[in-house]
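One structure is given here, and the rest of the page talks about it.
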Amino acid sequence: MDVDSKVGAYLQTQQREAPAELAHFFTEFEDLYERKIWHQLTKLVETFINIPEAAPFRIGIYNEFVRDWQKYMNKVKLVLFALAAARQFDSISAAAEFMEKIAKEVDQPESQEAHALALLESAHFRLLLNDLDSTRDTLEKCQRMVESFATVDPVIYASFYRVCADYYKAKASFGQYYKNALLLLACIDIQELTVEDRVQRAYDLSIAALLSDTIYNFGDLLSHPIIDALKGTEHEWMVALLLAFNAGDIGKFESLTGSLHSQPLLAQQESFLQQKIRLMALIESMFKRQGTGARTIPFGVVSAETKMPVNEIEHLVMKALSLGLIRGGIDQVGQQITVQWVQPRYLGKDQIKNLVDRLVQWEGRVIETAQQMSQTTPELFA
């Protein structure tokens with residue numbers, strides 16, 4: 001056999017000691033290694049390390065086997081194999097140092113994607129150690145690198161957005177977390193995440209959407225399959241809360257106050273959420289009137305729909321105008337609002353029904369106008 005004696009001894013030992021469902025992998029490793037079929041061997045190792053039961057073997061596979069023929073494999077795959085091993089380390093600090101060492105090894109002109117990936121994963125371990133400054137510096141460096149690549153493996157993007165999202169979560173930067181976490185989900189198959197990971201990501205996204213002072217459109221999250229992960233869990237009320245905000249439904253929001261108080265971050269920001277739900281109610285009120293011809297709304301009507309005193313409506317509308325949620329003006333003397341545009345919305349079933357009703361009304365007005373014109377100027381329709 002043309003197999004390195006140390007490699008052969010390791011593989012044969014694992015064939016004897018590994019569980020029956022894994023032992024055959026080591027036999028196949030030995031066969032492919034002997035025949036120098038590197039691409040197939042790489043794919044088989046990738047399959048093996050992704051098996052949950054193979055976790056105890058990941059460090060040994062990397063150190064005793066993969067290192068021997070790493071020069072023949074795709075360097076991005078090499079970094080992923082190293083990462084699988086690093087995640088089994090008892091020490092996070094040791095894992096960070098290990099990935100930094102790997103980053104240096106693959107820092108060659110032809111393997112800059114792998115270098116970026118290794119840097120990102122080392123930064124993620126640093127983030128777990130609460131080293132925010134180092135993580136930020138690495139993210140800035142890797143962003144410049146990724147932007148310079150002609151093509152980028154999706155796994156690099158996924159790593160970048162994951163580390164960015166977790167960094168902004170640690171910084172409590174809700175808007176940036178929301179943006180990067182959604183970009184991460186666009187790069188991966190969410191079915192490959194564990195159930196726990198899907199629930200946690202959906203939960204964190206929900207918190208970020210609610211507490212961000214820049215997010216007033218919940219469509220990206222409500223229409224994403226990740227939100228289904230919360231259904232049937234103790235956090236299912238979060239979906240109802242998001243739907244309440246999306247519809248500007250103050251009554252539904254108030255009915256969920258008890259659940260809201262069970263989440264410390266939301267409870268601490270209750271005054272902000274009270275303002276945000278009223279902004280959403282204002283947007284919904286304006287949206288319902290689009291296409292009805294009612295572009296001017298009295299303060300009293302807005303007060304009733306947002307459950308705010310009339311003397312606070314002007315400030316609420318100014319806030320909506322400054323955030324770009326609506327466009328229009330305020331008539332302070334006449335105590336009314338003129339609305340020219342409302343931010344596009346994600347529509348729930350009730351909102352779609354409302355839109356259908358408005359289209360029916362619009363059709364009726366068109367028919368009525370045509371009939372009036374045909375009666376007053378019959379020569380035009382002759």
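Residues in the structure tokens are numbered from 1 in each chain, the chains being A, B, ... in the order shown, and ligands are numbered from 1 in the order shown.
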
Exercise. Hey, what's within 10 Å of Asn217 (chain A) if we count only C-alpha atoms and toss same-chain stuff fewer than 4 positions away? As number ranges by chain, please?
Worked result: A: 209, 221-222, 245-246, 280, 325, 343-346

Mind dumping the selected residues with N, CA and C atoms as a JSON list (two decimals), in the first residue's frame?
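Once everything was written out, this is again-v7.json:
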```
[["chain", "number", "residue", "atom", "x", "y", "z"],
["A", 209, "ALA", "N", -35.94, 43.92, 15.07],
["A", 209, "ALA", "CA", -36.93, 44.65, 14.27],
["A", 209, "ALA", "C", -37.77, 45.56, 15.15],
["A", 221, "LEU", "N", -38.91, 40.33, 7.30],
["A", 221, "LEU", "CA", -38.92, 39.29, 8.33],
["A", 221, "LEU", "C", -40.21, 38.47, 8.30],
["A", 222, "LEU", "N", -41.34, 39.14, 8.21],
["A", 222, "LEU", "CA", -42.62, 38.42, 8.25],
["A", 222, "LEU", "C", -42.81, 37.50, 7.06],
["A", 245, "PHE", "N", -47.51, 45.27, 15.13],
["A", 245, "PHE", "CA", -46.75, 46.45, 14.71],
["A", 245, "PHE", "C", -46.92, 46.69, 13.21],
["A", 246, "ASN", "N", -46.86, 45.63, 12.44],
["A", 246, "ASN", "CA", -46.98, 45.78, 10.99],
["A", 246, "ASN", "C", -48.32, 46.40, 10.60],
["A", 280, "MET", "N", -46.66, 53.42, 13.66],
["A", 280, "MET", "CA", -47.18, 52.41, 12.74],
["A", 280, "MET", "C", -48.68, 52.59, 12.54],
["A", 325, "LEU", "N", -41.24, 58.18, 6.71],
["A", 325, "LEU", "CA", -42.33, 57.20, 6.66],
["A", 325, "LEU", "C", -43.50, 57.71, 5.83],
["A", 343, "GLN", "N", -44.88, 55.20, 3.07],
["A", 343, "GLN", "CA", -43.89, 54.14, 2.86],
["A", 343, "GLN", "C", -44.57, 52.84, 2.44],
["A", 344, "PRO", "N", -44.05, 52.15, 1.40],
["A", 344, "PRO", "CA", -44.62, 50.85, 0.99],
["A", 344, "PRO", "C", -44.69, 49.89, 2.17],
["A", 345, "ARG", "N", -45.70, 49.05, 2.15],
["A", 345, "ARG", "CA", -45.97, 48.19, 3.29],
["A", 345, "ARG", "C", -45.94, 46.71, 2.92],
["A", 346, "TYR", "N", -45.68, 45.86, 3.92],
["A", 346, "TYR", "CA", -45.95, 44.43, 3.83],
["A", 346, "TYR", "C", -47.39, 44.25, 4.28]]
```

Problem set entry | Residues within 12 Å of region 143-152 of chain A, only C-alpha atoms, excluding chain neighbours under 6 positions, as number ranges by chain | A: 76, 109-117, 119-120, 136-137, 158-161, 163-164, 187

Expected file: the selected residues, N, CA and C atoms, as a JSON list (two decimals), in the first residue's frame:
```json
[["chain", "number", "residue", "atom", "x", "y", "z"],
["A", 76, "VAL", "N", -10.28, 26.72, 0.73],
["A", 76, "VAL", "CA", -11.48, 27.08, 1.49],
["A", 76, "VAL", "C", -11.97, 25.85, 2.26],
["A", 109, "PRO", "N", -1.20, 34.38, -2.46],
["A", 109, "PRO", "CA", -1.95, 35.10, -3.51],
["A", 109, "PRO", "C", -3.10, 34.28, -4.09],
["A", 110, "GLU", "N", -2.89, 32.95, -4.22],
["A", 110, "GLU", "CA", -3.91, 32.12, -4.86],
["A", 110, "GLU", "C", -4.99, 31.64, -3.87],
["A", 111, "SER", "N", -4.87, 31.97, -2.60],
["A", 111, "SER", "CA", -5.85, 31.47, -1.62],
["A", 111, "SER", "C", -6.33, 32.58, -0.68],
["A", 112, "GLN", "N", -6.57, 33.76, -1.23],
["A", 112, "GLN", "CA", -7.02, 34.88, -0.41],
["A", 112, "GLN", "C", -8.44, 34.70, 0.12],
["A", 113, "GLU", "N", -9.28, 33.98, -0.62],
["A", 113, "GLU", "CA", -10.63, 33.70, -0.09],
["A", 113, "GLU", "C", -10.52, 32.87, 1.19],
["A", 114, "ALA", "N", -9.69, 31.86, 1.16],
["A", 114, "ALA", "CA", -9.49, 31.02, 2.34],
["A", 114, "ALA", "C", -8.90, 31.82, 3.49],
["A", 115, "HIS", "N", -7.97, 32.73, 3.15],
["A", 115, "HIS", "CA", -7.37, 33.60, 4.16],
["A", 115, "HIS", "C", -8.45, 34.45, 4.83],
["A", 116, "ALA", "N", -9.34, 35.05, 4.03],
["A", 116, "ALA", "CA", -10.42, 35.87, 4.57],
["A", 116, "ALA", "C", -11.34, 35.04, 5.47],
["A", 117, "LEU", "N", -11.66, 33.83, 5.03],
["A", 117, "LEU", "CA", -12.53, 32.95, 5.82],
["A", 117, "LEU", "C", -11.91, 32.61, 7.16],
["A", 119, "LEU", "N", -9.64, 34.34, 8.78],
["A", 119, "LEU", "CA", -9.62, 35.56, 9.60],
["A", 119, "LEU", "C", -10.99, 35.80, 10.24],
["A", 120, "LEU", "N", -12.05, 35.62, 9.43],
["A", 120, "LEU", "CA", -13.40, 35.84, 9.94],
["A", 120, "LEU", "C", -13.73, 34.88, 11.08],
["A", 136, "ARG", "N", -13.90, 44.05, 15.34],
["A", 136, "ARG", "CA", -14.22, 45.14, 14.41],
["A", 136, "ARG", "C", -13.10, 45.35, 13.40],
["A", 137, "ASP", "N", -11.85, 45.34, 13.86],
["A", 137, "ASP", "CA", -10.70, 45.55, 12.96],
["A", 137, "ASP", "C", -10.65, 44.46, 11.89],
["A", 158, "ALA", "N", -21.42, 34.11, 3.86],
["A", 158, "ALA", "CA", -22.16, 33.63, 5.03],
["A", 158, "ALA", "C", -21.36, 33.87, 6.31],
["A", 159, "SER", "N", -20.07, 33.58, 6.27],
["A", 159, "SER", "CA", -19.21, 33.80, 7.43],
["A", 159, "SER", "C", -19.14, 35.28, 7.77],
["A", 160, "PHE", "N", -18.98, 36.12, 6.74],
["A", 160, "PHE", "CA", -18.87, 37.56, 6.96],
["A", 160, "PHE", "C", -20.13, 38.11, 7.61],
["A", 161, "TYR", "N", -21.29, 37.78, 7.05],
["A", 161, "TYR", "CA", -22.53, 38.32, 7.60],
["A", 161, "TYR", "C", -22.84, 37.74, 8.98],
["A", 163, "VAL", "N", -20.60, 36.84, 11.31],
["A", 163, "VAL", "CA", -19.74, 37.52, 12.29],
["A", 163, "VAL", "C", -20.21, 38.97, 12.47],
["A", 164, "CYS", "N", -20.58, 39.63, 11.37],
["A", 164, "CYS", "CA", -21.10, 41.00, 11.46],
["A", 164, "CYS", "C", -22.35, 41.04, 12.34],
["A", 187, "CYS", "N", -27.75, 33.72, 2.33],
["A", 187, "CYS", "CA", -26.56, 32.98, 1.86],
["A", 187, "CYS", "C", -26.57, 31.51, 2.23]]
```

Exercise. Could you name the residues that touch region 123-131 of chain A at 9 Å or less, counting only C-alpha atoms, but leaving out those on the same chain fewer than 2 positions away, as JSON, numbers by chain?
Worked result: {"A": [92, 93, 95, 96, 97, 99, 100, 118, 119, 120, 121, 133, 134, 135, 136, 137, 138, 139, 162, 163, 166, 167, 170]}

Produce a file of the selected residues containing N, CA, C and O atoms, as a PDB file, in the first residue's frame.
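File again-v5.pdb, as written:
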```pdb
ATOM      1  N   ILE A  92     -11.833  28.520  24.119  1.00  0.00           N
ATOM      2  CA  ILE A  92     -12.156  29.443  23.024  1.00  0.00           C
ATOM      3  C   ILE A  92     -10.913  30.206  22.601  1.00  0.00           C
ATOM      4  O   ILE A  92     -10.681  30.453  21.416  1.00  0.00           O
ATOM      5  N   SER A  93     -10.096  30.558  23.559  1.00  0.00           N
ATOM      6  CA  SER A  93      -8.853  31.274  23.261  1.00  0.00           C
ATOM      7  C   SER A  93      -7.940  30.425  22.381  1.00  0.00           C
ATOM      8  O   SER A  93      -7.352  30.925  21.411  1.00  0.00           O
ATOM      9  N   ALA A  95      -8.911  28.085  20.378  1.00  0.00           N
ATOM     10  CA  ALA A  95      -9.544  27.987  19.063  1.00  0.00           C
ATOM     11  C   ALA A  95      -9.251  29.226  18.227  1.00  0.00           C
ATOM     12  O   ALA A  95      -8.976  29.130  17.020  1.00  0.00           O
ATOM     13  N   ALA A  96      -9.289  30.411  18.861  1.00  0.00           N
ATOM     14  CA  ALA A  96      -8.990  31.656  18.149  1.00  0.00           C
ATOM     15  C   ALA A  96      -7.543  31.653  17.647  1.00  0.00           C
ATOM     16  O   ALA A  96      -7.269  32.001  16.490  1.00  0.00           O
ATOM     17  N   GLU A  97      -6.632  31.228  18.491  1.00  0.00           N
ATOM     18  CA  GLU A  97      -5.211  31.193  18.102  1.00  0.00           C
ATOM     19  C   GLU A  97      -4.984  30.168  16.987  1.00  0.00           C
ATOM     20  O   GLU A  97      -4.187  30.395  16.068  1.00  0.00           O
ATOM     21  N   MET A  99      -7.159  29.251  14.640  1.00  0.00           N
ATOM     22  CA  MET A  99      -7.656  29.783  13.374  1.00  0.00           C
ATOM     23  C   MET A  99      -6.767  30.918  12.856  1.00  0.00           C
ATOM     24  O   MET A  99      -6.627  31.088  11.630  1.00  0.00           O
ATOM     25  N   GLU A 100      -6.156  31.667  13.750  1.00  0.00           N
ATOM     26  CA  GLU A 100      -5.216  32.704  13.314  1.00  0.00           C
ATOM     27  C   GLU A 100      -3.985  32.072  12.663  1.00  0.00           C
ATOM     28  O   GLU A 100      -3.453  32.586  11.670  1.00  0.00           O
ATOM     29  N   ALA A 118     -10.619  32.279   7.145  1.00  0.00           N
ATOM     30  CA  ALA A 118      -9.935  31.939   8.399  1.00  0.00           C
ATOM     31  C   ALA A 118      -9.883  33.147   9.335  1.00  0.00           C
ATOM     32  O   ALA A 118     -10.060  33.014  10.561  1.00  0.00           O
ATOM     33  N   LEU A 119      -9.636  34.339   8.778  1.00  0.00           N
ATOM     34  CA  LEU A 119      -9.620  35.557   9.599  1.00  0.00           C
ATOM     35  C   LEU A 119     -10.993  35.801  10.235  1.00  0.00           C
ATOM     36  O   LEU A 119     -11.094  36.147  11.418  1.00  0.00           O
ATOM     37  N   LEU A 120     -12.046  35.621   9.431  1.00  0.00           N
ATOM     38  CA  LEU A 120     -13.396  35.841   9.941  1.00  0.00           C
ATOM     39  C   LEU A 120     -13.732  34.879  11.076  1.00  0.00           C
ATOM     40  O   LEU A 120     -14.310  35.290  12.098  1.00  0.00           O
ATOM     41  N   GLU A 121     -13.353  33.626  10.903  1.00  0.00           N
ATOM     42  CA  GLU A 121     -13.678  32.648  11.943  1.00  0.00           C
ATOM     43  C   GLU A 121     -12.828  32.844  13.200  1.00  0.00           C
ATOM     44  O   GLU A 121     -13.294  32.606  14.316  1.00  0.00           O
ATOM     45  N   ASP A 133     -13.014  45.106  19.889  1.00  0.00           N
ATOM     46  CA  ASP A 133     -12.125  45.940  19.061  1.00  0.00           C
ATOM     47  C   ASP A 133     -11.415  45.101  18.004  1.00  0.00           C
ATOM     48  O   ASP A 133     -11.335  45.488  16.837  1.00  0.00           O
ATOM     49  N   SER A 134     -10.877  43.955  18.419  1.00  0.00           N
ATOM     50  CA  SER A 134     -10.192  43.072  17.484  1.00  0.00           C
ATOM     51  C   SER A 134     -11.160  42.566  16.414  1.00  0.00           C
ATOM     52  O   SER A 134     -10.816  42.498  15.231  1.00  0.00           O
ATOM     53  N   THR A 135     -12.380  42.229  16.846  1.00  0.00           N
ATOM     54  CA  THR A 135     -13.387  41.744  15.901  1.00  0.00           C
ATOM     55  C   THR A 135     -13.718  42.815  14.868  1.00  0.00           C
ATOM     56  O   THR A 135     -13.791  42.536  13.667  1.00  0.00           O
ATOM     57  N   ARG A 136     -13.900  44.045  15.338  1.00  0.00           N
ATOM     58  CA  ARG A 136     -14.215  45.143  14.415  1.00  0.00           C
ATOM     59  C   ARG A 136     -13.099  45.349  13.397  1.00  0.00           C
ATOM     60  O   ARG A 136     -13.355  45.503  12.197  1.00  0.00           O
ATOM     61  N   ASP A 137     -11.845  45.341  13.861  1.00  0.00           N
ATOM     62  CA  ASP A 137     -10.705  45.547  12.957  1.00  0.00           C
ATOM     63  C   ASP A 137     -10.646  44.460  11.890  1.00  0.00           C
ATOM     64  O   ASP A 137     -10.393  44.734  10.715  1.00  0.00           O
ATOM     65  N   THR A 138     -10.885  43.217  12.314  1.00  0.00           N
ATOM     66  CA  THR A 138     -10.854  42.100  11.356  1.00  0.00           C
ATOM     67  C   THR A 138     -11.998  42.207  10.358  1.00  0.00           C
ATOM     68  O   THR A 138     -11.817  41.948   9.154  1.00  0.00           O
ATOM     69  N   LEU A 139     -13.179  42.591  10.826  1.00  0.00           N
ATOM     70  CA  LEU A 139     -14.315  42.745   9.920  1.00  0.00           C
ATOM     71  C   LEU A 139     -14.042  43.827   8.866  1.00  0.00           C
ATOM     72  O   LEU A 139     -14.369  43.654   7.691  1.00  0.00           O
ATOM     73  N   ARG A 162     -22.457  36.487   9.209  1.00  0.00           N
ATOM     74  CA  ARG A 162     -22.689  35.890  10.538  1.00  0.00           C
ATOM     75  C   ARG A 162     -21.872  36.604  11.604  1.00  0.00           C
ATOM     76  O   ARG A 162     -22.386  36.948  12.678  1.00  0.00           O
ATOM     77  N   VAL A 163     -20.597  36.842  11.311  1.00  0.00           N
ATOM     78  CA  VAL A 163     -19.745  37.519  12.294  1.00  0.00           C
ATOM     79  C   VAL A 163     -20.209  38.966  12.473  1.00  0.00           C
ATOM     80  O   VAL A 163     -20.252  39.476  13.596  1.00  0.00           O
ATOM     81  N   ASP A 166     -23.387  38.929  14.640  1.00  0.00           N
ATOM     82  CA  ASP A 166     -23.105  38.651  16.049  1.00  0.00           C
ATOM     83  C   ASP A 166     -22.344  39.810  16.712  1.00  0.00           C
ATOM     84  O   ASP A 166     -22.533  40.086  17.904  1.00  0.00           O
ATOM     85  N   TYR A 167     -21.512  40.491  15.931  1.00  0.00           N
ATOM     86  CA  TYR A 167     -20.806  41.676  16.453  1.00  0.00           C
ATOM     87  C   TYR A 167     -21.814  42.772  16.797  1.00  0.00           C
ATOM     88  O   TYR A 167     -21.766  43.363  17.892  1.00  0.00           O
ATOM     89  N   ALA A 170     -23.785  41.994  19.884  1.00  0.00           N
ATOM     90  CA  ALA A 170     -23.021  42.300  21.095  1.00  0.00           C
ATOM     91  C   ALA A 170     -23.002  43.791  21.384  1.00  0.00           C
ATOM     92  O   ALA A 170     -22.965  44.212  22.546  1.00  0.00           O
TER      93      ALA A 170
END
```

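The space separating CA of Lys288 (chain A) from CA of Phe174 (chain A) comes to 29.0 Å.
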
Exercise. For Glu34 (chain A), which residue out of A:Thr13, A:Gln361, A:Ser5, A:Asn50 is the nearest one, using only C-alpha atoms?
Worked result: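 When distances to Glu34 (chain A) are compared using only C-alpha atoms, the smallest one comes from A:Ser5.
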
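Put simply, CA of Val342 (chain A) is 4.5 Å away from CA of Ile326 (chain A).
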
For this session: Considering only C-alpha atoms, return as a list in words whatever protein or nucleic-acid residues lie within 10 Å of Gln200 (chain A), sequence-local ones (same chain, fewer than 6 positions apart) excluded.
Result: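 Skipping anything fewer than 6 positions along the chain leaves Thr194, Ser206, Ile226, Ala229, Leu230 and His235 of chain A.
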
For the residues selected in the previous step, produce a file with N, CA and C atoms as a compact mmCIF listing (two decimals), in the first residue's frame.
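File written: again24.txt
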```
# COMPACT_ATOMS: atom_id res chain seq x y z
N THR A 194 -29.72 23.98 12.96
CA THR A 194 -30.46 23.18 13.93
C THR A 194 -31.74 23.91 14.31
N SER A 206 -36.51 39.23 15.57
CA SER A 206 -37.75 39.87 16.02
C SER A 206 -37.45 40.99 17.02
N ILE A 226 -37.88 31.90 8.15
CA ILE A 226 -37.26 31.80 9.48
C ILE A 226 -38.26 32.12 10.58
N ALA A 229 -40.07 29.45 12.61
CA ALA A 229 -39.38 28.71 13.67
C ALA A 229 -39.94 29.04 15.06
N LEU A 230 -40.57 30.22 15.20
CA LEU A 230 -41.09 30.63 16.50
C LEU A 230 -42.46 30.00 16.80
N HIS A 235 -41.96 31.38 22.37
CA HIS A 235 -41.80 32.73 21.83
C HIS A 235 -42.80 33.04 20.72
```

For this session: Can you work out which one of A:Arg35, A:Arg295, A:Lys319, A:Arg289 has the shortest atom-to-atom distance to Gln275 (chain A), counting only C-alpha atoms?
Result: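 Closest to Gln275 (chain A) of all the choices is A:Lys319.
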
Problem set entry | Residue list (alpha helix (DSSP H), DSSP) for region 154-274 of chain A, as a PyMOL selection string | chain A and resi 154-170+174-187+195-211+219-222+237-247+250-255+257-260+264-268+270-274
